[in-house]
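As stored in entry_37.pdb (PDB, C-alpha atoms, pLDDT in the B column):
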```pdb
ATOM      1  CA  MET U   1      55.734 116.686   2.618  1.00 90.00           C
ATOM      2  CA  ASN U   2      54.244 117.537  -0.750  1.00 95.00           C
ATOM      3  CA  ILE U   3      54.408 114.831  -3.412  1.00 97.00           C
ATOM      4  CA  LEU U   4      53.447 115.264  -7.057  1.00 98.00           C
ATOM      5  CA  VAL U   5      51.429 112.349  -8.454  1.00 98.00           C
ATOM      6  CA  ILE U   6      50.974 112.022 -12.220  1.00 98.00           C
ATOM      7  CA  GLN U   7      47.817 110.004 -12.901  1.00 98.00           C
ATOM      8  CA  ASN U   8      48.021 109.140 -16.591  1.00 97.00           C
ATOM      9  CA  SER U   9      44.564 107.537 -16.659  1.00 96.00           C
ATOM     10  CA  ILE U  10      41.380 108.286 -14.777  1.00 96.00           C
ATOM     11  CA  ARG U  11      41.079 104.527 -14.181  1.00 95.00           C
ATOM     12  CA  ASP U  12      44.447 104.222 -12.417  1.00 96.00           C
ATOM     13  CA  PRO U  13      44.492 106.355  -9.252  1.00 97.00           C
ATOM     14  CA  VAL U  14      47.187 106.148  -6.596  1.00 97.00           C
ATOM     15  CA  GLY U  15      45.075 103.700  -4.595  1.00 97.00           C
ATOM     16  CA  ILE U  16      46.509 101.869  -1.611  1.00 96.00           C
ATOM     17  CA  LEU U  17      49.951 103.333  -2.250  1.00 96.00           C
ATOM     18  CA  GLY U  18      48.503 106.795  -1.699  1.00 96.00           C
ATOM     19  CA  ASP U  19      46.659 105.642   1.412  1.00 96.00           C
ATOM     20  CA  HIS U  20      49.950 104.510   2.961  1.00 95.00           C
ATOM     21  CA  LEU U  21      51.646 107.802   2.090  1.00 95.00           C
ATOM     22  CA  LEU U  22      48.800 109.920   3.463  1.00 96.00           C
ATOM     23  CA  ARG U  23      48.774 108.014   6.735  1.00 94.00           C
ATOM     24  CA  SER U  24      52.497 108.699   7.066  1.00 92.00           C
ATOM     25  CA  GLY U  25      52.033 112.451   6.747  1.00 92.00           C
ATOM     26  CA  ALA U  26      52.458 113.090   3.031  1.00 95.00           C
ATOM     27  CA  GLU U  27      50.249 115.467   1.060  1.00 96.00           C
ATOM     28  CA  LEU U  28      49.512 114.382  -2.499  1.00 97.00           C
ATOM     29  CA  PHE U  29      48.982 116.749  -5.424  1.00 97.00           C
ATOM     30  CA  THR U  30      47.595 114.887  -8.430  1.00 97.00           C
ATOM     31  CA  TRP U  31      47.979 115.863 -12.075  1.00 97.00           C
ATOM     32  CA  LEU U  32      45.410 114.139 -14.297  1.00 97.00           C
ATOM     33  CA  PRO U  33      46.389 115.165 -17.855  1.00 95.00           C
ATOM     34  CA  GLU U  34      43.011 114.015 -19.222  1.00 91.00           C
ATOM     35  CA  GLN U  35      41.472 116.916 -17.308  1.00 93.00           C
ATOM     36  CA  GLN U  36      44.321 119.388 -16.688  1.00 92.00           C
ATOM     37  CA  VAL U  37      46.717 120.848 -19.241  1.00 89.00           C
ATOM     38  CA  THR U  38      49.538 121.532 -16.811  1.00 91.00           C
ATOM     39  CA  PRO U  39      50.635 119.984 -13.517  1.00 92.00           C
ATOM     40  CA  PRO U  40      49.947 121.756 -10.222  1.00 92.00           C
ATOM     41  CA  ASN U  41      52.510 124.241  -9.004  1.00 90.00           C
ATOM     42  CA  GLY U  42      54.341 123.658  -5.779  1.00 90.00           C
ATOM     43  CA  ASP U  43      57.524 122.684  -4.034  1.00 93.00           C
ATOM     44  CA  PHE U  44      57.475 118.877  -4.154  1.00 96.00           C
ATOM     45  CA  VAL U  45      59.840 116.487  -2.391  1.00 96.00           C
ATOM     46  CA  GLY U  46      59.038 113.517  -4.618  1.00 97.00           C
ATOM     47  CA  LEU U  47      57.389 112.390  -7.850  1.00 98.00           C
ATOM     48  CA  ILE U  48      55.117 109.381  -8.485  1.00 98.00           C
ATOM     49  CA  ILE U  49      54.119 108.428 -12.046  1.00 98.00           C
ATOM     50  CA  LEU U  50      51.222 105.992 -12.356  1.00 98.00           C
ATOM     51  CA  GLY U  51      50.005 103.686 -15.117  1.00 97.00           C
ATOM     52  CA  GLY U  52      48.032 104.269 -18.281  1.00 96.00           C
ATOM     53  CA  HIS U  53      46.925 102.610 -21.505  1.00 94.00           C
ATOM     54  CA  MET U  54      49.290 104.544 -23.783  1.00 95.00           C
ATOM     55  CA  ASN U  55      52.737 103.538 -24.987  1.00 96.00           C
ATOM     56  CA  ALA U  56      55.512 105.559 -23.370  1.00 97.00           C
ATOM     57  CA  HIS U  57      56.623 106.999 -26.750  1.00 97.00           C
ATOM     58  CA  GLU U  58      53.191 108.122 -28.039  1.00 96.00           C
ATOM     59  CA  ASP U  59      53.855 111.851 -27.772  1.00 96.00           C
ATOM     60  CA  ASP U  60      51.792 112.530 -30.906  1.00 96.00           C
ATOM     61  CA  LYS U  61      48.617 111.171 -29.294  1.00 96.00           C
ATOM     62  CA  TYR U  62      49.448 112.117 -25.702  1.00 96.00           C
ATOM     63  CA  PRO U  63      51.567 115.295 -25.655  1.00 95.00           C
ATOM     64  CA  HIS U  64      51.772 115.277 -21.866  1.00 96.00           C
ATOM     65  CA  LEU U  65      54.181 112.318 -21.998  1.00 97.00           C
ATOM     66  CA  LYS U  66      56.980 114.659 -23.066  1.00 97.00           C
ATOM     67  CA  GLN U  67      56.200 116.841 -20.037  1.00 97.00           C
ATOM     68  CA  VAL U  68      56.375 113.787 -17.799  1.00 97.00           C
ATOM     69  CA  VAL U  69      59.822 112.913 -19.150  1.00 98.00           C
ATOM     70  CA  GLU U  70      60.934 116.499 -18.538  1.00 97.00           C
ATOM     71  CA  LEU U  71      59.676 116.289 -14.951  1.00 97.00           C
ATOM     72  CA  ILE U  72      61.612 113.054 -14.450  1.00 98.00           C
ATOM     73  CA  HIS U  73      64.779 114.828 -15.592  1.00 98.00           C
ATOM     74  CA  GLN U  74      63.996 117.801 -13.349  1.00 97.00           C
ATOM     75  CA  PHE U  75      63.394 115.745 -10.203  1.00 97.00           C
ATOM     76  CA  HIS U  76      66.483 113.636 -10.946  1.00 97.00           C
ATOM     77  CA  SER U  77      68.635 116.758 -11.350  1.00 97.00           C
ATOM     78  CA  GLU U  78      67.354 117.962  -7.961  1.00 96.00           C
ATOM     79  CA  ASN U  79      68.099 114.544  -6.395  1.00 95.00           C
ATOM     80  CA  LYS U  80      64.448 114.091  -5.433  1.00 97.00           C
ATOM     81  CA  PRO U  81      62.964 110.573  -5.206  1.00 97.00           C
ATOM     82  CA  ILE U  82      60.937 109.258  -8.132  1.00 98.00           C
ATOM     83  CA  MET U  83      58.651 106.222  -8.313  1.00 98.00           C
ATOM     84  CA  GLY U  84      57.162 104.869 -11.522  1.00 98.00           C
ATOM     85  CA  VAL U  85      54.373 102.287 -11.683  1.00 98.00           C
ATOM     86  CA  CYS U  86      53.721 100.309 -14.902  1.00 98.00           C
ATOM     87  CA  LEU U  87      53.659 103.070 -17.561  1.00 98.00           C
ATOM     88  CA  GLY U  88      55.497 105.178 -15.001  1.00 98.00           C
ATOM     89  CA  SER U  89      58.360 102.667 -14.887  1.00 98.00           C
ATOM     90  CA  GLN U  90      58.438 102.670 -18.690  1.00 98.00           C
ATOM     91  CA  LEU U  91      58.568 106.481 -18.809  1.00 98.00           C
ATOM     92  CA  ILE U  92      61.507 106.483 -16.389  1.00 98.00           C
ATOM     93  CA  ALA U  93      63.237 103.959 -18.648  1.00 98.00           C
ATOM     94  CA  ARG U  94      62.528 106.235 -21.613  1.00 98.00           C
ATOM     95  CA  ALA U  95      63.875 109.261 -19.743  1.00 98.00           C
ATOM     96  CA  PHE U  96      67.130 107.368 -19.181  1.00 98.00           C
ATOM     97  CA  GLY U  97      67.515 106.470 -22.840  1.00 97.00           C
ATOM     98  CA  SER U  98      65.744 103.104 -23.181  1.00 97.00           C
ATOM     99  CA  GLN U  99      63.059 101.938 -25.576  1.00 96.00           C
ATOM    100  CA  VAL U 100      59.532 100.801 -24.656  1.00 97.00           C
ATOM    101  CA  TYR U 101      57.810  98.353 -26.999  1.00 97.00           C
ATOM    102  CA  PRO U 102      55.106  95.643 -27.143  1.00 95.00           C
ATOM    103  CA  HIS U 103      55.930  92.570 -25.108  1.00 96.00           C
ATOM    104  CA  SER U 104      55.708  89.065 -26.561  1.00 94.00           C
ATOM    105  CA  GLN U 105      52.612  88.449 -24.423  1.00 92.00           C
ATOM    106  CA  PRO U 106      50.341  90.499 -22.173  1.00 96.00           C
ATOM    107  CA  GLU U 107      50.649  90.083 -18.430  1.00 97.00           C
ATOM    108  CA  LEU U 108      47.193  90.246 -16.859  1.00 98.00           C
ATOM    109  CA  GLY U 109      46.346  89.296 -13.297  1.00 97.00           C
ATOM    110  CA  PHE U 110      48.449  88.520 -10.234  1.00 98.00           C
ATOM    111  CA  SER U 111      51.887  87.182 -11.194  1.00 97.00           C
ATOM    112  CA  PRO U 112      54.652  85.745  -9.003  1.00 97.00           C
ATOM    113  CA  LEU U 113      57.724  87.910  -8.442  1.00 97.00           C
ATOM    114  CA  ALA U 114      61.257  86.928  -7.503  1.00 95.00           C
ATOM    115  CA  VAL U 115      63.930  89.081  -5.890  1.00 96.00           C
ATOM    116  CA  VAL U 116      67.210  89.368  -7.804  1.00 94.00           C
ATOM    117  CA  LYS U 117      69.802  88.517  -5.172  1.00 87.00           C
ATOM    118  CA  PRO U 118      72.313  89.752  -4.079  1.00 84.00           C
ATOM    119  CA  LEU U 119      71.708  92.918  -6.133  1.00 82.00           C
ATOM    120  CA  ALA U 120      68.538  93.918  -4.273  1.00 80.00           C
ATOM    121  CA  LEU U 121      69.777  95.503  -1.040  1.00 87.00           C
ATOM    122  CA  GLU U 122      66.542  97.331  -0.187  1.00 93.00           C
ATOM    123  CA  PRO U 123      65.243  96.584   3.338  1.00 89.00           C
ATOM    124  CA  TRP U 124      61.738  95.998   1.976  1.00 92.00           C
ATOM    125  CA  LEU U 125      63.083  93.152  -0.169  1.00 94.00           C
ATOM    126  CA  GLN U 126      65.114  91.325   2.486  1.00 88.00           C
ATOM    127  CA  ASP U 127      62.154  89.431   3.944  1.00 88.00           C
ATOM    128  CA  CYS U 128      60.113  89.339   0.755  1.00 91.00           C
ATOM    129  CA  PRO U 129      57.747  86.321   0.729  1.00 90.00           C
ATOM    130  CA  THR U 130      58.710  83.656  -1.779  1.00 90.00           C
ATOM    131  CA  ASP U 131      55.064  83.408  -2.851  1.00 93.00           C
ATOM    132  CA  LEU U 132      54.554  87.144  -3.446  1.00 96.00           C
ATOM    133  CA  HIS U 133      52.085  87.799  -6.288  1.00 98.00           C
ATOM    134  CA  ILE U 134      51.171  91.329  -7.398  1.00 98.00           C
ATOM    135  CA  MET U 135      48.669  92.619  -9.943  1.00 98.00           C
ATOM    136  CA  GLN U 136      49.827  93.099 -13.533  1.00 98.00           C
ATOM    137  CA  TRP U 137      48.048  94.770 -16.438  1.00 98.00           C
ATOM    138  CA  HIS U 138      50.415  95.602 -19.275  1.00 97.00           C
ATOM    139  CA  PHE U 139      51.101  94.860 -22.917  1.00 97.00           C
ATOM    140  CA  ASP U 140      54.492  96.615 -23.208  1.00 97.00           C
ATOM    141  CA  THR U 141      57.941  96.088 -21.778  1.00 97.00           C
ATOM    142  CA  PHE U 142      61.213  98.050 -21.940  1.00 97.00           C
ATOM    143  CA  ASP U 143      64.959  97.773 -22.167  1.00 97.00           C
ATOM    144  CA  LEU U 144      66.586  98.197 -18.774  1.00 97.00           C
ATOM    145  CA  PRO U 145      68.486 101.508 -18.645  1.00 97.00           C
ATOM    146  CA  VAL U 146      72.246 101.079 -18.422  1.00 96.00           C
ATOM    147  CA  GLN U 147      72.178 103.071 -15.153  1.00 95.00           C
ATOM    148  CA  ALA U 148      69.637 100.703 -13.579  1.00 97.00           C
ATOM    149  CA  THR U 149      69.956  97.741 -11.239  1.00 96.00           C
ATOM    150  CA  LEU U 150      67.329  95.032 -11.694  1.00 97.00           C
ATOM    151  CA  LEU U 151      65.643  94.198  -8.370  1.00 97.00           C
ATOM    152  CA  MET U 152      62.719  91.912  -9.210  1.00 97.00           C
ATOM    153  CA  THR U 153      61.850  89.645 -12.121  1.00 97.00           C
ATOM    154  CA  ASN U 154      59.636  86.777 -13.277  1.00 97.00           C
ATOM    155  CA  ASP U 155      59.378  84.300 -16.142  1.00 95.00           C
ATOM    156  CA  ILE U 156      56.796  86.326 -18.069  1.00 95.00           C
ATOM    157  CA  CYS U 157      58.430  89.751 -18.116  1.00 96.00           C
ATOM    158  CA  LYS U 158      62.057  90.069 -17.019  1.00 97.00           C
ATOM    159  CA  HIS U 159      62.128  93.709 -15.941  1.00 98.00           C
ATOM    160  CA  GLN U 160      59.703  93.916 -13.014  1.00 98.00           C
ATOM    161  CA  ALA U 161      61.420  96.313 -10.593  1.00 98.00           C
ATOM    162  CA  TYR U 162      64.598  98.341 -10.833  1.00 98.00           C
ATOM    163  CA  ARG U 163      66.534 101.111  -9.117  1.00 97.00           C
ATOM    164  CA  ILE U 164      68.497 103.988 -10.619  1.00 97.00           C
ATOM    165  CA  GLY U 165      70.941 105.643  -8.264  1.00 95.00           C
ATOM    166  CA  THR U 166      69.697 105.628  -4.692  1.00 93.00           C
ATOM    167  CA  ASN U 167      66.206 107.111  -4.969  1.00 95.00           C
ATOM    168  CA  ILE U 168      64.583 106.294  -8.341  1.00 97.00           C
ATOM    169  CA  TYR U 169      62.433 103.155  -8.558  1.00 98.00           C
ATOM    170  CA  GLY U 170      60.464 101.622 -11.394  1.00 98.00           C
ATOM    171  CA  PHE U 171      57.814  98.944 -10.832  1.00 98.00           C
ATOM    172  CA  GLN U 172      56.278  97.211 -13.842  1.00 98.00           C
ATOM    173  CA  PHE U 173      53.590  95.685 -11.623  1.00 98.00           C
ATOM    174  CA  HIS U 174      50.660  97.537 -10.061  1.00 98.00           C
ATOM    175  CA  LEU U 175      51.425  97.754  -6.348  1.00 97.00           C
ATOM    176  CA  GLU U 176      48.881 100.582  -5.990  1.00 97.00           C
ATOM    177  CA  VAL U 177      45.683  98.690  -6.865  1.00 97.00           C
ATOM    178  CA  THR U 178      42.727  97.913  -4.640  1.00 97.00           C
ATOM    179  CA  PRO U 179      40.038  95.326  -5.428  1.00 96.00           C
ATOM    180  CA  GLU U 180      37.803  98.226  -6.477  1.00 96.00           C
ATOM    181  CA  ILE U 181      40.345  99.512  -8.993  1.00 97.00           C
ATOM    182  CA  ILE U 182      40.768  96.019 -10.418  1.00 97.00           C
ATOM    183  CA  ALA U 183      36.988  95.613 -10.718  1.00 97.00           C
ATOM    184  CA  ASP U 184      36.864  98.842 -12.728  1.00 97.00           C
ATOM    185  CA  TRP U 185      39.567  97.577 -15.100  1.00 97.00           C
ATOM    186  CA  LEU U 186      37.717  94.321 -15.631  1.00 97.00           C
ATOM    187  CA  ALA U 187      34.466  96.153 -16.338  1.00 96.00           C
ATOM    188  CA  ALA U 188      36.183  98.309 -18.953  1.00 95.00           C
ATOM    189  CA  LYS U 189      38.426  95.688 -20.570  1.00 94.00           C
ATOM    190  CA  SER U 190      38.577  95.460 -24.338  1.00 94.00           C
ATOM    191  CA  ASP U 191      36.810  92.989 -26.622  1.00 95.00           C
ATOM    192  CA  TRP U 192      40.255  91.589 -27.471  1.00 95.00           C
ATOM    193  CA  ILE U 193      40.837  90.654 -23.837  1.00 96.00           C
ATOM    194  CA  ASP U 194      37.353  89.133 -23.603  1.00 95.00           C
ATOM    195  CA  THR U 195      38.084  86.994 -26.653  1.00 96.00           C
ATOM    196  CA  HIS U 196      41.582  85.851 -25.716  1.00 95.00           C
ATOM    197  CA  TYR U 197      41.101  85.647 -21.925  1.00 96.00           C
ATOM    198  CA  PRO U 198      37.451  84.565 -21.515  1.00 95.00           C
ATOM    199  CA  HIS U 199      37.902  83.441 -17.892  1.00 97.00           C
ATOM    200  CA  LEU U 200      39.966  86.406 -16.726  1.00 97.00           C
ATOM    201  CA  ASP U 201      37.301  87.825 -14.388  1.00 97.00           C
ATOM    202  CA  GLN U 202      36.930  84.587 -12.460  1.00 97.00           C
ATOM    203  CA  GLN U 203      40.687  83.990 -12.370  1.00 97.00           C
ATOM    204  CA  ILE U 204      41.439  87.439 -11.001  1.00 97.00           C
ATOM    205  CA  GLN U 205      38.700  87.228  -8.374  1.00 97.00           C
ATOM    206  CA  GLN U 206      40.312  84.028  -7.096  1.00 98.00           C
ATOM    207  CA  GLN U 207      43.722  85.706  -7.194  1.00 98.00           C
ATOM    208  CA  ILE U 208      42.458  88.673  -5.182  1.00 97.00           C
ATOM    209  CA  LYS U 209      41.336  86.328  -2.408  1.00 97.00           C
ATOM    210  CA  ALA U 210      44.691  84.555  -2.412  1.00 97.00           C
ATOM    211  CA  HIS U 211      47.129  87.423  -2.919  1.00 97.00           C
ATOM    212  CA  ALA U 212      45.626  90.881  -2.303  1.00 96.00           C
ATOM    213  CA  ASP U 213      46.496  91.017   1.408  1.00 96.00           C
ATOM    214  CA  GLY U 214      50.129  90.103   0.812  1.00 96.00           C
ATOM    215  CA  ALA U 215      50.390  92.597  -2.033  1.00 96.00           C
ATOM    216  CA  ALA U 216      48.973  95.353   0.201  1.00 96.00           C
ATOM    217  CA  ILE U 217      51.562  94.620   2.900  1.00 95.00           C
ATOM    218  CA  PHE U 218      54.317  94.808   0.291  1.00 96.00           C
ATOM    219  CA  ALA U 219      52.963  98.126  -1.017  1.00 96.00           C
ATOM    220  CA  GLY U 220      53.037  99.521   2.507  1.00 95.00           C
ATOM    221  CA  LYS U 221      56.693  98.588   2.963  1.00 95.00           C
ATOM    222  CA  VAL U 222      57.624 100.191  -0.353  1.00 96.00           C
ATOM    223  CA  ALA U 223      55.651 103.346   0.430  1.00 95.00           C
ATOM    224  CA  GLN U 224      57.261 103.773   3.839  1.00 95.00           C
ATOM    225  CA  ALA U 225      60.789 103.250   2.515  1.00 95.00           C
ATOM    226  CA  TRP U 226      60.235 105.635  -0.396  1.00 95.00           C
ATOM    227  CA  LEU U 227      58.785 108.273   1.907  1.00 94.00           C
ATOM    228  CA  GLU U 228      61.903 108.017   4.074  1.00 94.00           C
ATOM    229  CA  LEU U 229      63.931 108.778   0.947  1.00 94.00           C
ATOM    230  CA  CYS U 230      61.785 111.882   0.438  1.00 92.00           C
ATOM    231  CA  LEU U 231      62.464 112.948   4.017  1.00 89.00           C
ATOM    232  CA  SER U 232      66.205 112.420   3.709  1.00 86.00           C
ATOM    233  CA  SER U 233      66.371 114.372   0.442  1.00 76.00           C
ATOM    234  CA  GLN U 234      65.018 117.548   2.029  1.00 72.00           C
ATOM    235  CA  PRO U 235      67.631 120.191   2.913  1.00 64.00           C
ATOM    236  CA  ALA U 236      68.376 120.442   6.612  1.00 54.00           C
ATOM    237  CA  LEU U 237      66.979 123.469   8.391  1.00 44.00           C
ATOM    238  CA  SER U 238      69.604 125.832   9.772  1.00 40.00           C
ATOM    239  CA  ASP U 239      69.447 126.969  13.406  1.00 41.00           C
TER     240      ASP U 239
END
```
Go ahead and render the structure in this file as structure tokens.
Amino acid sequence: MNILVIQNSIRDPVGILGDHLLRSGAELFTWLPEQQVTPPNGDFVGLIILGGHMNAHEDDKYPHLKQVVELIHQFHSENKPIMGVCLGSQLIARAFGSQVYPHSQPELGFSPLAVVKPLALEPWLQDCPTDLHIMQWHFDTFDLPVQATLLMTNDICKHQAYRIGTNIYGFQFHLEVTPEIIADWLAAKSDWIDTHYPHLDQQIQQQIKAHADGAAIFAGKVAQAWLELCLSSQPALSD
């Protein structure tokens, strides 16, 4: 199974999410717009859109964003599964007619998440731990598309996970990160973050010890369920 992965930033690879998919037999083809003008060619069964520092509407600075939106429309029209992570979830929201804009406060570090019941019917949410915390690193939020069902939320940023139709998922949080990816973000964080969050490094290191294992288990469940959607979306072979 070939999956197209759009990596909007060199600092945000597919991480543990990709590891789960590879172990389950997927082959990942990554488009890194910072280094490649066009995405790789191929027949893909699914699309993953990762995070990035840009706003989802900044086509003037990042022309590839318009291409990403076009790919979302294309995969949707072909009924192929789509997953968006952080910026990816915002770009899906944009593709379905919603606005993305600065949030009232940044969300940095591991945050608690709550399942929206009884709307969330996904198997990977039925036994979701009540103390689930997953890594966040975003300054923007978005209006929930009218076609979407909200699946997860918290008190900081309402729209944390949503579904459109049966096979499109947006996750505001970073379920793909590893401790190494987080360390890279902390090393490269802005002076503004250093000034306003002077103890962020220590806080996140403590959070990694407390929550990284649970977050990795959750990412594995999501990856497996999404890959099953990719399998079911493939046309049946005739005898």
For this session: Excluding U:Gln147 and residues on its chain fewer than 6 positions from it, collect all residues at most 12 Å away from it, counting only C-alpha atoms, and give them as a ChimeraX atom specification.
Result: /U:92-93,95-98,162-166,168-169
Taking C-alpha atoms for each residue, export the selection above as a JSON list (two decimals), in the frame of the given file.
```
[["chain", "number", "residue", "atom", "x", "y", "z"],
["U", 92, "ILE", "CA", 61.51, 106.48, -16.39],
["U", 93, "ALA", "CA", 63.24, 103.96, -18.65],
["U", 95, "ALA", "CA", 63.88, 109.26, -19.74],
["U", 96, "PHE", "CA", 67.13, 107.37, -19.18],
["U", 97, "GLY", "CA", 67.52, 106.47, -22.84],
["U", 98, "SER", "CA", 65.74, 103.10, -23.18],
["U", 162, "TYR", "CA", 64.60, 98.34, -10.83],
["U", 163, "ARG", "CA", 66.53, 101.11, -9.12],
["U", 164, "ILE", "CA", 68.50, 103.99, -10.62],
["U", 165, "GLY", "CA", 70.94, 105.64, -8.26],
["U", 166, "THR", "CA", 69.70, 105.63, -4.69],
["U", 168, "ILE", "CA", 64.58, 106.29, -8.34],
["U", 169, "TYR", "CA", 62.43, 103.16, -8.56]]
```
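The gap separating atom CA of U:His103 from atom CA of U:Phe139 is 5.8 Å, in Å to one decimal.
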Problem set entry | Reference answer for the PyMOL selection byres ((chain U and resi 197-211) around 10), as JSON, numbers by chain | {"U": [108, 109, 110, 111, 112, 131, 132, 133, 134, 135, 178, 179, 182, 183, 186, 187, 191, 192, 193, 194, 195, 196, 212, 213, 214, 215, 216]}
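Residues matched by the PyMOL selection byres ((chain U and resi 30) around 7) in this structure: Leu4, Val5, Ile6, Gln7, Leu28, Phe29, Trp31 and Leu32 of chain U.
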Selected residues, C-alpha atoms, written as a PDB file, keeping the file's coordinate frame, please.
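Output contents, as saved in again.pdb:
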```pdb
ATOM      1  CA  LEU U   4      53.447 115.264  -7.057  1.00 98.00           C
ATOM      2  CA  VAL U   5      51.429 112.349  -8.454  1.00 98.00           C
ATOM      3  CA  ILE U   6      50.974 112.022 -12.220  1.00 98.00           C
ATOM      4  CA  GLN U   7      47.817 110.004 -12.901  1.00 98.00           C
ATOM      5  CA  LEU U  28      49.512 114.382  -2.499  1.00 97.00           C
ATOM      6  CA  PHE U  29      48.982 116.749  -5.424  1.00 97.00           C
ATOM      7  CA  TRP U  31      47.979 115.863 -12.075  1.00 97.00           C
ATOM      8  CA  LEU U  32      45.410 114.139 -14.297  1.00 97.00           C
TER       9      LEU U  32
END
```
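Once the PyMOL selection byres ((chain U and resi 8) around 8) is applied to the shown structure, the selection contains Ile6, Gln7, Ser9, Ile10, Asp12, Leu32, Pro33, Glu34, Ile49, Leu50, Gly51 and Gly52 of chain U.
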For this session: Could you please determine the separation between atom CA of U:Lys158 and atom CA of U:Gly170 in Å, to one decimal place?
Result: 12.9 Å
Problem set entry | Pick from U:Pro13, U:Gly18, U:Pro118, U:Gly46, whichever lies nearest to U:Gly220 using only C-alpha atoms |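 Ranked by minimum distance to U:Gly220, first place goes to U:Gly18.
Shortest separation to U:Leu119 among U:Ile48, U:Leu87, U:Met152, U:Cys230 occurs at residue U:Met152, atoms counted being only C-alpha atoms.
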For this session: Figure out the distance between atom CA of U:Lys66 and atom CA of U:Asn2, please, to one decimal in Å.
Result: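 So the answer is 22.7 Å.
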Exercise. Of the candidates U:Leu151, U:Ser190, U:His138, U:Glu70, which shows the shortest atom-to-atom distance to U:Trp124, using only C-alpha atoms?
Worked result: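 Among the listed residues, U:Leu151 lies closest to U:Trp124.
The nearest approach to U:Lys80 among the residues U:Pro102, U:Leu47, U:Gln224, U:Phe171, with all atoms listed in the file taken into account, belongs to U:Leu47.
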For this session: Give as a VMD selection string each residue that has an atom at most 10 Å from (48.9, 101.3, -2.3) in the file, counting all atoms listed in the file.
Result: chain U and resid 13 to 21 174 to 178 215 to 223
Problem set entry | Polymer residues at most 12 Å from U:Val116, only C-alpha atoms, same-chain spacing of 5 or more positions, as number ranges by chain | U: 121-122, 125-126, 128, 130, 149-154, 158-163
Could you work out an axis-aligned box for stretch 18-31 of chain U, taking every atom the file lists and adding 6 Å on each side, and report centre and edge lengths in Å to one decimal, as AutoDock Vina command-line options?
```
--center_x 49.6 --center_y 110.6 --center_z -2.5 --size_x 17.8 --size_y 24.2 --size_z 31.1
```
For this session: Measuring atom to atom with only C-alpha atoms, identify which of U:Leu113, U:Gly25, U:Gln172, U:Phe75 is nearest to U:Leu144.
Result: U:Gln172
